[in-house]
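So the structure is just underneath, and the comments pick up after that.
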Amino acid sequence: MQQLASALRSRADVEPRGVAITQILLTEPSSALYRPAYREELYELARAALFALGSRVAASTAPLRR
């Protein structure tokens with residue numbers, strides 16, 4: 001999640017799909033972020049959001065860690 005937050009702060013140019021995935025992840029009470037038993041799902045969604053932000057953003061950040 002830290003790389004995702006950094007990617008959002010570091011670029012003015014991000015793809016809307018990545019922002020939308022991140023917004024859902026952060027605001028939906030049923031998202032994996034708020035269900036500790038779903039750590040793998042959280043990782044996958046955060047990774048998907050990072051890549052959806054755009055190839056330049058994904059390339060400029062370190063790989064997500066589990």
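All residue names refer to the structure tokens as shown: chains lettered A, B, ... in order, residues numbered from 1 in each chain, ligands numbered from 1 in order.
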Leu8 in chain A surroundings by only C-alpha atoms, 9 Å radius, close-in-sequence under 6 positions cut, as a VMD selection string: chain A and resid 14 19 50 53 57
Would you save the residues of that selection, restricted to N, CA, C and O atoms, as a short mmCIF file (atom, residue, chain, number, x, y, z; two decimals), in the first residue's frame?
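Okay, result07.cif is ready:
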data_model
loop_
_atom_site.label_atom_id
_atom_site.label_comp_id
_atom_site.auth_asym_id
_atom_site.auth_seq_id
_atom_site.Cartn_x
_atom_site.Cartn_y
_atom_site.Cartn_z
N VAL A 14 -1.90 10.36 -13.92
CA VAL A 14 -2.23 8.97 -13.62
C VAL A 14 -3.50 8.59 -14.38
O VAL A 14 -4.31 9.44 -14.72
N VAL A 19 -6.89 5.22 -10.21
CA VAL A 19 -7.42 6.05 -9.13
C VAL A 19 -8.74 5.46 -8.64
O VAL A 19 -9.00 5.40 -7.43
N LEU A 50 -1.88 -0.15 -8.77
CA LEU A 50 -0.59 0.44 -9.12
C LEU A 50 -0.33 0.34 -10.61
O LEU A 50 0.02 1.31 -11.26
N LEU A 53 -2.58 2.59 -12.72
CA LEU A 53 -2.25 4.02 -12.70
C LEU A 53 -1.50 4.44 -13.95
O LEU A 53 -1.54 5.59 -14.35
N VAL A 57 4.07 5.16 -14.04
CA VAL A 57 4.00 5.14 -12.58
C VAL A 57 4.50 3.81 -12.06
O VAL A 57 5.32 3.75 -11.16
#
All residues 9 Å or closer to Thr22 in chain A, only C-alpha atoms, same chain fewer than 2 positions away omitted, as a compact mmCIF listing (two decimals) with all heavy atoms, in the first residue's frame:
# COMPACT_ATOMS: atom_id res chain seq x y z
N LEU A 4 1.75 2.23 -3.49
CA LEU A 4 0.58 2.78 -4.16
C LEU A 4 0.38 4.24 -3.74
O LEU A 4 0.16 5.10 -4.59
CB LEU A 4 -0.65 1.94 -3.82
CG LEU A 4 -1.97 2.36 -4.45
CD1 LEU A 4 -1.88 2.42 -5.96
CD2 LEU A 4 -3.06 1.38 -4.02
N ARG A 17 -8.48 4.78 -14.18
CA ARG A 17 -8.82 3.44 -13.71
C ARG A 17 -8.06 3.11 -12.42
O ARG A 17 -8.61 2.54 -11.48
CB ARG A 17 -8.51 2.41 -14.78
CG ARG A 17 -8.90 1.01 -14.38
CD ARG A 17 -8.73 0.05 -15.58
NE ARG A 17 -9.19 -1.26 -15.23
CZ ARG A 17 -8.45 -2.21 -14.65
NH1 ARG A 17 -7.17 -1.96 -14.40
NH2 ARG A 17 -8.95 -3.38 -14.36
N GLY A 18 -6.79 3.46 -12.36
CA GLY A 18 -5.99 3.20 -11.17
C GLY A 18 -6.48 3.99 -9.97
O GLY A 18 -6.51 3.48 -8.84
N VAL A 19 -6.89 5.22 -10.21
CA VAL A 19 -7.42 6.05 -9.13
C VAL A 19 -8.74 5.46 -8.64
O VAL A 19 -9.00 5.40 -7.43
CB VAL A 19 -7.61 7.52 -9.60
CG1 VAL A 19 -8.26 8.35 -8.52
CG2 VAL A 19 -6.26 8.12 -9.99
N ALA A 20 -9.58 4.99 -9.56
CA ALA A 20 -10.87 4.41 -9.19
C ALA A 20 -10.69 3.14 -8.36
O ALA A 20 -11.38 2.95 -7.35
CB ALA A 20 -11.68 4.10 -10.44
N ILE A 24 -11.95 2.75 -4.41
CA ILE A 24 -12.81 1.66 -3.92
C ILE A 24 -12.10 0.90 -2.80
O ILE A 24 -12.70 0.59 -1.78
CB ILE A 24 -13.20 0.72 -5.08
CG1 ILE A 24 -14.16 1.45 -6.02
CG2 ILE A 24 -13.80 -0.57 -4.56
CD1 ILE A 24 -14.40 0.75 -7.33
N LEU A 25 -10.84 0.63 -3.00
CA LEU A 25 -10.06 -0.09 -1.99
C LEU A 25 -10.06 0.65 -0.65
O LEU A 25 -10.18 0.06 0.42
CB LEU A 25 -8.63 -0.28 -2.49
CG LEU A 25 -7.71 -1.16 -1.70
CD1 LEU A 25 -8.24 -2.59 -1.62
CD2 LEU A 25 -6.33 -1.16 -2.34
N LEU A 26 -9.97 1.98 -0.71
CA LEU A 26 -9.88 2.79 0.51
C LEU A 26 -11.24 3.12 1.14
O LEU A 26 -11.31 3.32 2.35
CB LEU A 26 -9.15 4.10 0.21
CG LEU A 26 -7.68 3.97 -0.14
CD1 LEU A 26 -7.13 5.33 -0.56
CD2 LEU A 26 -6.89 3.40 1.02
N THR A 27 -12.29 3.18 0.35
CA THR A 27 -13.55 3.69 0.87
C THR A 27 -14.64 2.65 1.08
O THR A 27 -15.57 2.90 1.85
CB THR A 27 -14.11 4.80 -0.03
OG1 THR A 27 -14.36 4.27 -1.34
CG2 THR A 27 -13.16 5.98 -0.10
N LEU A 45 -5.15 -6.48 -5.21
CA LEU A 45 -5.87 -5.26 -5.59
C LEU A 45 -4.95 -4.04 -5.58
O LEU A 45 -5.05 -3.18 -6.46
CB LEU A 45 -7.06 -5.04 -4.66
CG LEU A 45 -8.22 -5.99 -4.86
CD1 LEU A 45 -9.24 -5.83 -3.74
CD2 LEU A 45 -8.88 -5.74 -6.21
N ALA A 46 -4.08 -3.95 -4.60
CA ALA A 46 -3.13 -2.83 -4.56
C ALA A 46 -2.19 -2.90 -5.76
O ALA A 46 -1.89 -1.87 -6.38
CB ALA A 46 -2.34 -2.85 -3.26
N ALA A 49 -4.12 -1.83 -8.85
CA ALA A 49 -4.29 -0.37 -8.85
C ALA A 49 -3.00 0.32 -9.27
O ALA A 49 -3.02 1.26 -10.08
CB ALA A 49 -4.72 0.12 -7.47
N LEU A 50 -1.88 -0.15 -8.77
CA LEU A 50 -0.59 0.44 -9.12
C LEU A 50 -0.33 0.34 -10.61
O LEU A 50 0.02 1.31 -11.26
CB LEU A 50 0.53 -0.24 -8.33
CG LEU A 50 1.93 0.30 -8.57
CD1 LEU A 50 2.03 1.76 -8.14
CD2 LEU A 50 2.94 -0.53 -7.82
Point-to-point distance from CA of Met1 in chain A to CA of Tyr43 in chain A, Å rounded to tenths: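 According to the coordinates, CA of Met1 in chain A and CA of Tyr43 in chain A are separated by 7.9 Å.
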Atomic distance CA of Arg47 in chain A - CA of Ala5 in chain A, expressed in Å with one decimal: 11.5 Å
DSSP-assigned helix (DSSP H, G or I) among chain A, expressed as a PyMOL selection string: chain A and resi 2-10+16-27+32-34+36-52+55-59
With C-alpha atoms retained, export the selected residues as an mmCIF file, in the first residue's frame.
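The resulting file, out.cif, is reproduced below:
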data_model
loop_
_atom_site.group_PDB
_atom_site.id
_atom_site.type_symbol
_atom_site.label_atom_id
_atom_site.label_comp_id
_atom_site.auth_asym_id
_atom_site.auth_seq_id
_atom_site.Cartn_x
_atom_site.Cartn_y
_atom_site.Cartn_z
ATOM 1 C CA GLN A 2 2.893 2.327 0.654
ATOM 2 C CA GLN A 3 4.102 2.090 -2.963
ATOM 3 C CA LEU A 4 0.575 2.779 -4.164
ATOM 4 C CA ALA A 5 0.343 5.904 -1.994
ATOM 5 C CA SER A 6 3.762 7.058 -3.218
ATOM 6 C CA ALA A 7 2.757 6.545 -6.839
ATOM 7 C CA LEU A 8 -0.384 8.615 -6.381
ATOM 8 C CA ARG A 9 1.567 11.463 -4.764
ATOM 9 C CA SER A 10 4.498 11.422 -7.149
ATOM 10 C CA PRO A 16 -8.354 7.224 -13.978
ATOM 11 C CA ARG A 17 -8.817 3.442 -13.706
ATOM 12 C CA GLY A 18 -5.990 3.205 -11.168
ATOM 13 C CA VAL A 19 -7.423 6.051 -9.134
ATOM 14 C CA ALA A 20 -10.866 4.405 -9.191
ATOM 15 C CA ILE A 21 -9.500 1.052 -7.984
ATOM 16 C CA THR A 22 -7.633 2.830 -5.195
ATOM 17 C CA GLN A 23 -10.706 4.817 -4.182
ATOM 18 C CA ILE A 24 -12.806 1.659 -3.921
ATOM 19 C CA LEU A 25 -10.060 -0.092 -1.986
ATOM 20 C CA LEU A 26 -9.885 2.786 0.506
ATOM 21 C CA THR A 27 -13.553 3.689 0.872
ATOM 22 C CA ALA A 32 -9.898 -6.292 1.470
ATOM 23 C CA LEU A 33 -8.259 -3.358 3.264
ATOM 24 C CA TYR A 34 -10.798 -3.646 6.070
ATOM 25 C CA PRO A 36 -7.509 -8.645 7.699
ATOM 26 C CA ALA A 37 -8.193 -12.257 6.707
ATOM 27 C CA TYR A 38 -7.907 -11.243 3.036
ATOM 28 C CA ARG A 39 -4.276 -10.123 2.887
ATOM 29 C CA GLU A 40 -3.649 -11.863 -0.446
ATOM 30 C CA GLU A 41 -6.649 -10.111 -1.996
ATOM 31 C CA LEU A 42 -5.412 -6.776 -0.646
ATOM 32 C CA TYR A 43 -1.996 -7.371 -2.201
ATOM 33 C CA GLU A 44 -3.532 -8.263 -5.564
ATOM 34 C CA LEU A 45 -5.872 -5.257 -5.585
ATOM 35 C CA ALA A 46 -3.132 -2.833 -4.561
ATOM 36 C CA ARG A 47 -0.902 -4.269 -7.270
ATOM 37 C CA ALA A 48 -3.684 -3.986 -9.855
ATOM 38 C CA ALA A 49 -4.293 -0.366 -8.850
ATOM 39 C CA LEU A 50 -0.592 0.441 -9.116
ATOM 40 C CA PHE A 51 -0.330 -1.001 -12.617
ATOM 41 C CA ALA A 52 -3.633 0.607 -13.660
ATOM 42 C CA SER A 55 3.048 2.148 -17.020
ATOM 43 C CA ARG A 56 5.212 5.168 -16.176
ATOM 44 C CA VAL A 57 4.001 5.138 -12.584
ATOM 45 C CA ALA A 58 4.435 1.374 -12.188
ATOM 46 C CA ALA A 59 7.898 1.497 -13.716
#
